[in-house]
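Q: You'll find data04.csv just under this line, and it carries CSV, C-alpha atoms and all ligand atoms.
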```
chain,number,residue,atom,x,y,z
A,52,MET,CA,-16.1,117.8,-127.9
A,53,THR,CA,-13.4,116.2,-125.8
A,54,LEU,CA,-10.5,114.5,-127.5
A,55,PRO,CA,-8.6,111.6,-125.8
A,56,LEU,CA,-4.9,112.2,-125.9
A,57,ASN,CA,-2.4,109.7,-124.8
A,58,PRO,CA,-1.6,110.9,-121.2
A,59,ALA,CA,2.1,110.2,-121.5
A,60,TRP,CA,2.3,112.1,-124.8
A,61,ARG,CA,0.3,114.9,-123.4
A,62,ASP,CA,2.5,115.2,-120.3
A,63,GLU,CA,5.6,115.2,-122.3
A,64,PHE,CA,4.3,117.9,-124.6
A,65,ALA,CA,3.3,120.1,-121.6
A,66,ALA,CA,6.7,119.5,-119.8
A,67,ARG,CA,8.7,120.4,-122.9
A,68,LEU,CA,6.7,123.4,-123.6
A,69,LEU,CA,6.7,124.6,-120.0
A,70,ALA,CA,10.5,124.1,-119.7
A,71,TRP,CA,11.0,126.2,-122.9
A,72,GLY,CA,8.4,128.8,-122.0
A,73,SER,CA,10.0,129.6,-118.6
A,74,GLY,CA,12.9,131.2,-120.5
A,75,GLN,CA,10.8,133.2,-122.9
A,76,ARG,CA,9.7,136.8,-122.9
A,77,GLY,CA,9.5,137.3,-119.1
A,78,HIS,CA,10.4,140.9,-119.7
A,79,LEU,CA,7.1,141.8,-121.2
A,80,PRO,CA,5.4,144.4,-119.0
A,81,TRP,CA,2.1,142.5,-118.7
A,82,ARG,CA,4.0,139.4,-117.6
A,83,ALA,CA,5.2,141.0,-114.4
A,84,ALA,CA,3.8,139.4,-111.3
A,85,ALA,CA,2.9,141.1,-108.0
A,86,ASP,CA,5.0,140.5,-104.8
A,87,ASP,CA,2.7,137.5,-104.0
A,88,GLY,CA,3.6,135.9,-107.4
A,89,ARG,CA,0.0,136.5,-108.7
A,90,ARG,CA,-0.9,138.4,-111.8
A,91,ASP,CA,-3.3,141.3,-111.6
A,92,PRO,CA,-6.4,140.2,-113.6
A,93,TYR,CA,-7.1,143.8,-114.8
A,94,ARG,CA,-3.6,144.0,-116.3
A,95,VAL,CA,-3.9,140.6,-117.9
A,96,TRP,CA,-7.3,141.6,-119.3
A,97,VAL,CA,-6.0,144.9,-120.8
A,98,ALA,CA,-3.0,143.2,-122.3
A,99,GLU,CA,-5.0,140.4,-123.9
A,100,ILE,CA,-7.5,142.9,-125.4
A,101,MET,CA,-4.6,145.0,-126.8
A,102,LEU,CA,-2.8,141.9,-128.1
A,103,GLN,CA,-5.9,140.6,-129.9
A,104,GLN,CA,-5.2,142.3,-133.2
A,105,THR,CA,-1.9,144.0,-132.5
A,106,GLY,CA,1.7,142.7,-132.3
A,107,VAL,CA,3.7,142.6,-129.1
A,108,THR,CA,6.2,145.3,-130.1
A,109,THR,CA,3.5,147.8,-130.9
A,110,VAL,CA,1.5,147.0,-127.8
A,111,GLY,CA,4.3,147.5,-125.3
A,112,PRO,CA,4.4,151.4,-125.1
A,113,TYR,CA,0.6,151.6,-125.4
A,114,TYR,CA,0.1,149.2,-122.6
A,115,ASP,CA,2.5,151.1,-120.3
A,116,ARG,CA,0.8,154.5,-121.1
A,117,PHE,CA,-2.7,153.0,-120.7
A,118,LEU,CA,-1.9,151.5,-117.3
A,119,ALA,CA,-0.3,154.7,-116.2
A,120,ARG,CA,-3.4,156.7,-117.2
A,121,PHE,CA,-6.0,154.0,-116.0
A,122,PRO,CA,-4.2,152.0,-113.3
A,123,THR,CA,-7.3,150.3,-112.0
A,124,VAL,CA,-10.7,149.1,-113.2
A,125,ALA,CA,-12.3,151.9,-111.3
A,126,THR,CA,-10.2,154.6,-113.0
A,127,LEU,CA,-11.0,153.2,-116.4
A,128,ALA,CA,-14.7,153.0,-115.6
A,129,ALA,CA,-14.8,156.6,-114.4
A,130,ALA,CA,-13.0,158.1,-117.4
A,131,PRO,CA,-14.8,159.7,-120.3
A,132,LEU,CA,-14.9,157.5,-123.4
A,133,ASP,CA,-13.0,160.3,-125.3
A,134,ASP,CA,-10.0,159.8,-122.9
A,135,VAL,CA,-10.0,156.1,-123.4
A,136,LEU,CA,-10.1,156.4,-127.2
A,137,LYS,CA,-7.4,159.0,-127.0
A,138,ALA,CA,-5.2,156.6,-125.1
A,139,TRP,CA,-6.0,154.0,-127.7
A,140,GLU,CA,-5.3,156.3,-130.7
A,141,GLY,CA,-3.2,154.5,-133.3
A,142,LEU,CA,-3.8,151.0,-132.0
A,143,GLY,CA,-6.7,150.5,-134.3
A,144,TYR,CA,-9.8,148.2,-133.9
A,145,TYR,CA,-11.4,150.8,-131.6
A,146,ALA,CA,-14.3,148.6,-130.7
A,147,ARG,CA,-11.8,147.0,-128.3
A,148,ALA,CA,-11.4,150.2,-126.4
A,149,ARG,CA,-15.1,150.9,-126.3
A,150,HIS,CA,-15.9,147.4,-125.1
A,151,LEU,CA,-13.1,147.5,-122.5
A,152,HIS,CA,-14.5,150.8,-121.1
A,153,ARG,CA,-18.0,149.5,-121.0
A,154,ALA,CA,-16.9,146.3,-119.4
A,155,ALA,CA,-15.0,148.2,-116.7
A,156,GLN,CA,-18.2,150.0,-115.8
A,157,ILE,CA,-20.0,146.7,-115.5
A,158,VAL,CA,-17.2,145.3,-113.3
A,159,VAL,CA,-17.5,148.3,-111.0
A,160,ALA,CA,-21.3,148.3,-110.9
A,161,GLU,CA,-21.8,144.5,-110.6
A,162,HIS,CA,-18.6,143.0,-109.2
A,163,GLY,CA,-17.4,145.7,-106.8
A,164,GLY,CA,-14.5,146.7,-109.1
A,165,ARG,CA,-13.0,143.2,-109.0
A,166,VAL,CA,-12.5,141.3,-112.3
A,167,PRO,CA,-14.7,138.2,-111.8
A,168,SER,CA,-13.0,134.8,-111.8
A,169,ASP,CA,-16.2,133.1,-112.8
A,170,ALA,CA,-16.3,132.0,-116.4
A,171,HIS,CA,-19.9,132.9,-116.9
A,172,ALA,CA,-19.6,136.4,-115.4
A,173,LEU,CA,-16.4,137.1,-117.4
A,174,ALA,CA,-17.9,135.8,-120.7
A,175,ARG,CA,-20.8,138.3,-120.3
A,176,LEU,CA,-18.5,141.3,-120.3
A,177,PRO,CA,-18.3,143.2,-123.7
A,178,GLY,CA,-15.3,142.3,-125.7
A,179,ILE,CA,-14.4,139.1,-124.0
A,180,GLY,CA,-14.7,136.3,-126.5
A,181,ARG,CA,-13.7,132.7,-126.0
A,182,TYR,CA,-10.0,133.3,-126.5
A,183,THR,CA,-9.8,136.2,-124.1
A,184,LEU,CA,-11.9,134.3,-121.6
A,185,GLY,CA,-9.4,131.4,-121.7
A,186,ALA,CA,-6.4,133.7,-121.4
A,187,ILE,CA,-7.7,135.6,-118.4
A,188,LEU,CA,-9.0,132.5,-116.6
A,189,SER,CA,-5.8,130.6,-117.1
A,190,ILE,CA,-3.2,133.4,-116.7
A,191,ALA,CA,-4.9,135.5,-114.0
A,192,PHE,CA,-6.8,132.9,-112.1
A,193,GLY,CA,-4.9,129.6,-112.7
A,194,GLN,CA,-7.9,127.8,-114.2
A,195,PRO,CA,-7.3,125.2,-116.9
A,196,ALA,CA,-9.2,127.0,-119.7
A,197,PRO,CA,-8.1,126.6,-123.3
A,198,ILE,CA,-7.1,129.3,-125.8
A,199,LEU,CA,-7.2,129.4,-129.6
A,200,ASP,CA,-5.9,132.4,-131.6
A,201,GLY,CA,-4.1,132.6,-134.9
A,202,ASN,CA,-0.8,131.5,-133.4
A,203,VAL,CA,-2.2,128.6,-131.4
A,204,ARG,CA,-4.3,127.5,-134.4
A,205,ARG,CA,-1.2,127.3,-136.5
A,206,VAL,CA,0.8,125.4,-133.9
A,207,LEU,CA,-1.9,122.8,-133.3
A,208,ALA,CA,-2.6,122.3,-137.0
A,209,ARG,CA,1.0,121.5,-137.4
A,210,VAL,CA,1.6,119.4,-134.3
A,211,PHE,CA,-1.5,117.2,-135.1
A,212,ALA,CA,-1.0,117.4,-138.9
A,213,ILE,CA,-4.5,118.7,-139.5
A,214,THR,CA,-4.9,119.3,-143.2
A,215,ASP,CA,-8.5,120.5,-143.1
A,216,ASN,CA,-9.4,124.1,-143.6
A,217,VAL,CA,-8.7,125.6,-140.1
A,218,ARG,CA,-11.6,128.1,-140.6
A,219,ALA,CA,-14.2,125.5,-141.1
A,220,PRO,CA,-16.5,125.2,-138.0
A,221,ALA,CA,-15.8,121.4,-137.6
A,222,THR,CA,-12.0,122.0,-137.6
A,223,GLU,CA,-12.4,125.0,-135.3
A,224,ARG,CA,-14.3,122.7,-132.8
A,225,ARG,CA,-11.5,120.1,-133.1
A,226,LEU,CA,-8.8,122.7,-132.4
A,227,TRP,CA,-10.6,124.0,-129.4
A,228,ALA,CA,-11.0,120.5,-128.1
A,229,LEU,CA,-7.3,119.8,-128.6
A,230,SER,CA,-6.4,123.0,-126.8
A,231,GLU,CA,-8.7,122.0,-123.9
A,232,ALA,CA,-7.2,118.5,-123.8
A,233,LEU,CA,-3.6,119.8,-123.7
A,234,VAL,CA,-3.8,122.5,-121.0
A,235,PRO,CA,-2.4,121.1,-117.8
A,236,ALA,CA,-4.3,121.6,-114.5
A,237,ASP,CA,-1.2,122.5,-112.6
A,238,ALA,CA,0.2,125.3,-114.8
A,239,PRO,CA,-2.5,126.4,-117.3
A,240,GLY,CA,-1.4,130.1,-117.5
A,241,ALA,CA,2.3,129.3,-118.1
A,242,PHE,CA,1.3,126.6,-120.6
A,243,ASN,CA,-1.0,128.9,-122.6
A,244,GLU,CA,1.5,131.7,-122.7
A,245,ALA,CA,4.2,129.2,-123.9
A,246,LEU,CA,1.9,128.0,-126.6
A,247,MET,CA,1.2,131.6,-127.7
A,248,ASP,CA,5.0,132.3,-127.6
A,249,LEU,CA,5.8,129.2,-129.6
A,250,GLY,CA,3.5,130.3,-132.4
A,251,ALA,CA,4.8,133.9,-132.3
A,252,THR,CA,8.5,133.1,-132.3
A,253,ILE,CA,9.3,129.5,-133.4
A,254,CYS,CA,6.3,128.0,-135.2
A,255,ILE,CA,5.9,131.1,-137.3
A,256,ALA,CA,3.8,131.3,-140.4
A,257,ALA,CA,6.5,131.3,-143.1
A,258,ARG,CA,9.3,128.7,-142.6
A,259,PRO,CA,8.8,127.5,-139.0
A,260,ARG,CA,12.0,127.2,-137.0
A,261,CYS,CA,11.6,123.5,-136.3
A,262,LEU,CA,15.2,122.9,-135.3
A,263,ALA,CA,14.7,125.3,-132.4
A,264,CYS,CA,11.3,123.9,-131.4
A,265,PRO,CA,10.9,122.3,-128.0
A,266,VAL,CA,8.2,119.9,-129.3
A,267,MET,CA,9.8,119.0,-132.6
A,268,SER,CA,10.0,115.3,-131.7
A,269,LEU,CA,6.3,115.3,-131.0
A,270,CYS,CA,5.2,117.2,-134.1
A,271,GLN,CA,3.4,115.1,-136.7
A,272,GLY,CA,3.4,117.8,-139.3
A,273,ARG,CA,7.2,118.0,-139.1
A,274,ALA,CA,7.5,114.2,-139.2
A,275,MET,CA,5.4,114.2,-142.3
A,276,GLY,CA,7.3,117.1,-143.8
A,277,ILE,CA,4.1,119.1,-144.4
A,278,GLN,CA,4.6,121.8,-141.8
A,279,ASP,CA,5.2,124.6,-144.3
A,280,ALA,CA,1.9,123.9,-146.0
A,281,LEU,CA,-0.1,124.1,-142.8
A,282,PRO,CA,-2.5,125.5,-141.6
A,283,THR,CA,-4.8,125.1,-144.6
A,284,ARG,CA,-6.9,128.2,-145.2
A,285,PRO,CA,-9.7,129.0,-147.7
A,286,PRO,CA,-8.5,131.0,-150.7
A,287,ARG,CA,-8.3,134.7,-150.1
A,288,ARG,CA,-11.2,136.7,-151.5
A,289,GLN,CA,-10.3,140.0,-153.1
A,290,THR,CA,-11.1,142.9,-150.7
A,291,PRO,CA,-13.3,145.6,-152.2
A,292,HIS,CA,-12.0,149.1,-152.7
A,293,TYR,CA,-13.9,152.4,-152.0
A,294,ASP,CA,-13.2,156.0,-152.8
A,295,VAL,CA,-13.9,158.1,-149.8
A,296,THR,CA,-13.8,161.9,-149.4
A,297,ALA,CA,-13.1,164.1,-146.4
A,298,GLY,CA,-13.4,167.9,-146.0
A,299,VAL,CA,-11.2,170.3,-144.1
A,300,ILE,CA,-13.9,172.9,-143.7
A,301,TRP,CA,-12.3,176.2,-142.7
A,302,ARG,CA,-13.7,179.1,-140.7
A,303,GLY,CA,-10.7,181.5,-140.3
A,304,ASP,CA,-8.0,179.5,-138.5
A,305,GLU,CA,-10.5,176.9,-137.3
A,306,PHE,CA,-11.8,173.8,-139.1
A,307,LEU,CA,-14.6,171.3,-138.5
A,308,VAL,CA,-14.1,167.9,-136.9
A,309,ALA,CA,-17.0,165.4,-136.4
A,310,GLN,CA,-17.4,162.5,-134.0
A,311,ARG,CA,-18.4,159.2,-135.6
A,312,PRO,CA,-21.6,157.6,-134.3
A,313,LEU,CA,-20.7,155.1,-131.4
A,314,ASP,CA,-22.4,152.1,-133.1
A,315,LYS,CA,-20.5,152.5,-136.4
A,316,MET,CA,-17.0,151.4,-137.3
A,317,LEU,CA,-14.4,153.6,-135.6
A,318,GLY,CA,-17.3,154.8,-133.4
A,319,GLY,CA,-16.5,157.6,-131.0
A,320,LEU,CA,-13.4,158.7,-133.0
A,321,TRP,CA,-13.2,162.2,-134.5
A,322,GLU,CA,-12.6,162.7,-138.2
A,323,PHE,CA,-12.7,165.2,-141.0
A,324,PRO,CA,-16.3,164.8,-142.1
A,325,GLY,CA,-17.1,163.1,-145.4
A,326,GLY,CA,-17.8,159.6,-146.5
A,327,LYS,CA,-17.9,156.9,-149.2
A,328,CYS,CA,-18.7,157.9,-152.8
A,329,ASP,CA,-21.6,156.4,-154.6
A,330,PRO,CA,-20.9,154.7,-157.9
A,331,GLY,CA,-20.4,157.3,-160.7
A,332,GLU,CA,-20.4,160.2,-158.2
A,333,THR,CA,-17.6,162.8,-158.6
A,334,LEU,CA,-15.4,163.4,-155.5
A,335,ALA,CA,-16.7,167.0,-155.1
A,336,ASP,CA,-20.3,165.8,-155.4
A,337,CYS,CA,-19.7,163.1,-152.9
A,338,LEU,CA,-18.2,165.5,-150.3
A,339,ARG,CA,-21.0,168.0,-150.8
A,340,ARG,CA,-23.6,165.3,-150.3
A,341,GLU,CA,-21.9,163.8,-147.3
A,342,LEU,CA,-21.6,167.1,-145.5
A,343,ARG,CA,-25.3,167.9,-146.3
A,344,GLU,CA,-26.3,164.5,-144.8
A,345,GLU,CA,-24.0,164.5,-141.8
A,346,LEU,CA,-24.0,168.2,-140.8
A,347,ALA,CA,-26.7,169.9,-142.7
A,348,ILE,CA,-24.3,172.3,-144.4
A,349,GLU,CA,-23.7,173.3,-148.0
A,350,VAL,CA,-20.0,173.6,-148.8
A,351,ALA,CA,-17.8,174.8,-151.6
A,352,VAL,CA,-15.1,172.3,-152.4
A,353,GLY,CA,-11.6,173.7,-152.9
A,354,ASP,CA,-8.1,172.4,-153.5
A,355,ALA,CA,-7.0,168.9,-152.6
A,356,VAL,CA,-5.1,168.5,-149.3
A,357,THR,CA,-3.8,164.9,-149.8
A,358,VAL,CA,-4.7,161.4,-150.8
A,359,VAL,CA,-4.5,158.6,-148.3
A,360,ARG,CA,-4.6,154.9,-149.1
A,361,HIS,CA,-5.4,152.5,-146.3
A,362,ALA,CA,-6.4,148.8,-145.9
A,363,TYR,CA,-8.8,147.7,-143.3
A,364,THR,CA,-9.5,144.0,-142.6
A,365,HIS,CA,-12.3,143.6,-145.1
A,366,PHE,CA,-11.8,146.5,-147.6
A,367,ARG,CA,-9.4,149.1,-148.8
A,368,ILE,CA,-10.0,152.8,-149.3
A,369,THR,CA,-8.5,155.8,-151.1
A,370,LEU,CA,-9.3,158.8,-149.1
A,371,HIS,CA,-9.4,162.1,-151.0
A,372,ALA,CA,-9.2,165.1,-148.6
A,373,PHE,CA,-10.1,168.6,-149.8
A,374,HIS,CA,-10.2,172.1,-148.4
A,375,GLY,CA,-13.6,173.6,-148.2
A,376,ARG,CA,-15.8,176.3,-146.7
A,377,ILE,CA,-19.5,176.6,-145.7
A,378,VAL,CA,-21.6,178.5,-148.2
A,379,SER,CA,-24.9,178.0,-146.4
A,380,GLY,CA,-26.3,176.5,-143.2
A,381,GLU,CA,-25.0,176.1,-139.7
A,382,PRO,CA,-23.5,172.7,-138.7
A,383,ARG,CA,-25.9,170.4,-136.8
A,384,ALA,CA,-25.0,166.9,-135.7
A,385,VAL,CA,-27.4,165.0,-138.0
A,386,GLU,CA,-25.6,161.8,-138.8
A,387,VAL,CA,-22.6,162.3,-136.5
A,388,ALA,CA,-22.4,162.0,-132.7
A,389,ALA,CA,-21.0,165.6,-132.3
A,390,PHE,CA,-19.0,168.2,-134.1
A,391,ALA,CA,-16.5,170.8,-133.0
A,392,TRP,CA,-14.4,173.7,-134.4
A,393,THR,CA,-10.8,173.3,-133.6
A,394,THR,CA,-7.3,174.5,-134.8
A,395,LEU,CA,-4.1,172.8,-135.7
A,396,ALA,CA,-2.8,173.8,-132.3
A,397,ASP,CA,-5.7,172.3,-130.4
A,398,VAL,CA,-6.8,169.3,-132.5
A,399,ASP,CA,-4.6,166.8,-130.8
A,400,ARG,CA,-7.0,166.5,-127.9
A,401,TYR,CA,-9.4,164.7,-130.2
A,402,ALA,CA,-8.8,161.0,-130.8
A,403,MET,CA,-8.5,160.3,-134.5
A,404,ALA,CA,-7.9,157.3,-136.7
A,405,VAL,CA,-4.7,156.8,-138.6
A,406,THR,CA,-6.2,158.1,-141.9
A,407,ASP,CA,-7.3,161.4,-140.4
A,408,GLN,CA,-3.9,161.7,-138.6
A,409,ARG,CA,-2.4,161.6,-142.1
A,410,ILE,CA,-4.6,164.4,-143.3
A,411,LEU,CA,-3.5,166.4,-140.3
A,412,ALA,CA,0.2,165.6,-141.1
A,413,ALA,CA,-0.4,167.0,-144.6
A,414,LEU,CA,-2.0,170.1,-143.2
A,415,ARG,CA,1.0,170.7,-140.9
A,416,ARG,CA,3.5,170.2,-143.7
A,417,ARG,CA,2.0,173.2,-145.5
A,501,LIG,S1,8.3,121.2,-135.1
A,501,LIG,FE1,8.1,122.9,-136.5
A,501,LIG,S2,6.0,122.8,-137.3
A,501,LIG,FE2,6.1,121.5,-135.5
A,501,LIG,S3,5.4,122.8,-133.8
A,501,LIG,FE3,7.6,123.0,-133.9
A,501,LIG,S4,8.1,124.7,-135.2
A,501,LIG,FE4,5.9,124.1,-135.5
```
I need this file expressed as structure tokens, please.
A:
Amino acid sequence: MTLPLNPAWRDEFAARLLAWGSGQRGHLPWRAAADDGRRDPYRVWVAEIMLQQTGVTTVGPYYDRFLARFPTVATLAAAPLDDVLKAWEGLGYYARARHLHRAAQIVVAEHGGRVPSDAHALARLPGIGRYTLGAILSIAFGQPAPILDGNVRRVLARVFAITDNVRAPATERRLWALSEALVPADAPGAFNEALMDLGATICIAARPRCLACPVMSLCQGRAMGIQDALPTRPPRRQTPHYDVTAGVIWRGDEFLVAQRPLDKMLGGLWEFPGGKCDPGETLADCLRRELREELAIEVAVGDAVTVVRHAYTHFRITLHAFHGRIVSGEPRAVEVAAFAWTTLADVDRYAMAVTDQRILAALRRR
């Protein structure tokens, strides 16, 4: 779908946004250009993947550490997945790290270690969806490719006073078409970055700062006084809640940790073994069953360690952690990728999700 925009209007929109954008957030580490004024596609790629579901402030230190540890595509491709997950620990949405790692291996094997500038080749890499594709093509390679993420969706819905549900496929197509029609051929990267920045700092979700907005005079939503009500979203569904158990299974000073299967949520991360309770099951029964299924061991469930509450995108959990010990059987990796005995002094070399980090913190407090 292409949308005709008045060329004079479009040029003014781009000019205003670019003039404003040139003064914004140049200090961000992934915005630094090389001596020749170009941006390293690998750095742009890593930054865009990290920024997908995580805010700028959180990403900053992670980005610096990640680039120091894996300065090139080749170093990332050659690293064990465990090291990559460890560098990602705490950022969440770990599929991003697994995809980035796998994609780096493909770039080395099929593209000589150079991030491809061809849209089809880039789009075939794991973890590169339409938004990331547009960001890399425009920012790293100067190609007029569109972007559409939550921030840009909000800005465009307001500028064009789109009152339809922005998650509906037809509206989504229209927003992509608008983004494509807006991006100027002579400065696509700077324009897209300015559009993202506008959404992140001025055209914010609650109470947009219209008086500070460079495109206020062009904004239909503002002219109609409906900007606060946009974008229109479907009503929120209640997220389900699950009780989950985890066992700190002791053997002297050591305890068991298990690696989650790679194809599951949080795949490749290490955890205190356990899992989701069935309806009507007691917490102790749940833990005993999970350890039987995952590691082929029978355990005695002891005192509680801690209770951790956590919200994921589509559900919430209450995680009940217990001390325990094996009463029969030797651990085998039945429904886990691997297991290990470790100690509180040594456990930090295993990448763990935030919920298991909180169990660790409770153990250390004792
Ligand atoms: S004028 Fe207000 S609503 Fe319109 S784009 Fe700017 S900040 Fe957003």
Q: Can you tell me which residues come within 10 Å of ligand LIG 501 (chain A) when counting only C-alpha atoms and all ligand atoms, ideally as an NGL selection string?
A: :A and (203 or 205-212 or 246 or 249-250 or 252-256 or 258-282)
Q: CA of Trp139 (chain A) to CA of Ala154 (chain A): how many Å, to one decimal?
A: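 Interatomic distance, CA of Trp139 (chain A) to CA of Ala154 (chain A): 15.7 Å.
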Q: Excluding Ala125 (chain A) and residues on its chain fewer than 5 positions from it, collect all residues at most 10 Å away from it, counting all atoms listed in the file, and give them as a VMD selection string.
A: chain A and resid 130 155 to 156 158 to 160 163 to 165
Q: Leaving out region 383-396 of chain A and any residue of its chain fewer than 4 positions from it, which residues lie within 12 Å of it when counting only C-alpha atoms, given as a PDB file with C-alpha atoms, keeping the file's coordinate frame?
A:
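As written to disk, selection-v6.pdb reads:
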```pdb
ATOM      1  CA  ASP A 133     -13.000 160.300-125.300  1.00  0.00           C
ATOM      2  CA  VAL A 299     -11.200 170.300-144.100  1.00  0.00           C
ATOM      3  CA  ILE A 300     -13.900 172.900-143.700  1.00  0.00           C
ATOM      4  CA  TRP A 301     -12.300 176.200-142.700  1.00  0.00           C
ATOM      5  CA  ARG A 302     -13.700 179.100-140.700  1.00  0.00           C
ATOM      6  CA  GLY A 303     -10.700 181.500-140.300  1.00  0.00           C
ATOM      7  CA  ASP A 304      -8.000 179.500-138.500  1.00  0.00           C
ATOM      8  CA  GLU A 305     -10.500 176.900-137.300  1.00  0.00           C
ATOM      9  CA  PHE A 306     -11.800 173.800-139.100  1.00  0.00           C
ATOM     10  CA  LEU A 307     -14.600 171.300-138.500  1.00  0.00           C
ATOM     11  CA  VAL A 308     -14.100 167.900-136.900  1.00  0.00           C
ATOM     12  CA  ALA A 309     -17.000 165.400-136.400  1.00  0.00           C
ATOM     13  CA  GLN A 310     -17.400 162.500-134.000  1.00  0.00           C
ATOM     14  CA  ARG A 311     -18.400 159.200-135.600  1.00  0.00           C
ATOM     15  CA  PRO A 312     -21.600 157.600-134.300  1.00  0.00           C
ATOM     16  CA  LEU A 313     -20.700 155.100-131.400  1.00  0.00           C
ATOM     17  CA  ASP A 314     -22.400 152.100-133.100  1.00  0.00           C
ATOM     18  CA  LYS A 315     -20.500 152.500-136.400  1.00  0.00           C
ATOM     19  CA  LEU A 317     -14.400 153.600-135.600  1.00  0.00           C
ATOM     20  CA  GLY A 318     -17.300 154.800-133.400  1.00  0.00           C
ATOM     21  CA  GLY A 319     -16.500 157.600-131.000  1.00  0.00           C
ATOM     22  CA  LEU A 320     -13.400 158.700-133.000  1.00  0.00           C
ATOM     23  CA  TRP A 321     -13.200 162.200-134.500  1.00  0.00           C
ATOM     24  CA  GLU A 322     -12.600 162.700-138.200  1.00  0.00           C
ATOM     25  CA  PHE A 323     -12.700 165.200-141.000  1.00  0.00           C
ATOM     26  CA  PRO A 324     -16.300 164.800-142.100  1.00  0.00           C
ATOM     27  CA  GLY A 325     -17.100 163.100-145.400  1.00  0.00           C
ATOM     28  CA  GLY A 326     -17.800 159.600-146.500  1.00  0.00           C
ATOM     29  CA  GLU A 341     -21.900 163.800-147.300  1.00  0.00           C
ATOM     30  CA  LEU A 342     -21.600 167.100-145.500  1.00  0.00           C
ATOM     31  CA  ARG A 343     -25.300 167.900-146.300  1.00  0.00           C
ATOM     32  CA  GLU A 344     -26.300 164.500-144.800  1.00  0.00           C
ATOM     33  CA  GLU A 345     -24.000 164.500-141.800  1.00  0.00           C
ATOM     34  CA  LEU A 346     -24.000 168.200-140.800  1.00  0.00           C
ATOM     35  CA  ALA A 347     -26.700 169.900-142.700  1.00  0.00           C
ATOM     36  CA  ILE A 348     -24.300 172.300-144.400  1.00  0.00           C
ATOM     37  CA  GLU A 349     -23.700 173.300-148.000  1.00  0.00           C
ATOM     38  CA  ARG A 400      -7.000 166.500-127.900  1.00  0.00           C
ATOM     39  CA  TYR A 401      -9.400 164.700-130.200  1.00  0.00           C
ATOM     40  CA  GLN A 408      -3.900 161.700-138.600  1.00  0.00           C
ATOM     41  CA  ILE A 410      -4.600 164.400-143.300  1.00  0.00           C
ATOM     42  CA  LEU A 411      -3.500 166.400-140.300  1.00  0.00           C
ATOM     43  CA  ALA A 412       0.200 165.600-141.100  1.00  0.00           C
ATOM     44  CA  ALA A 413      -0.400 167.000-144.600  1.00  0.00           C
ATOM     45  CA  LEU A 414      -2.000 170.100-143.200  1.00  0.00           C
ATOM     46  CA  ARG A 415       1.000 170.700-140.900  1.00  0.00           C
ATOM     47  CA  ARG A 416       3.500 170.200-143.700  1.00  0.00           C
ATOM     48  CA  ARG A 417       2.000 173.200-145.500  1.00  0.00           C
TER      49      ARG A 417
END
```
Q: Quick one: distance from CA of Ala297 (chain A) to CA of Gln104 (chain A) in Å, one decimal?
A: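 It comes out at 26.7 Å.
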Q: Quick one: everything within 10 Å of Thr109 (chain A), counting all atoms listed in the file, minus sequence neighbours fewer than 5 positions away in the same chain. Send it as number ranges by chain.
A: A: 101-102, 114, 141-142
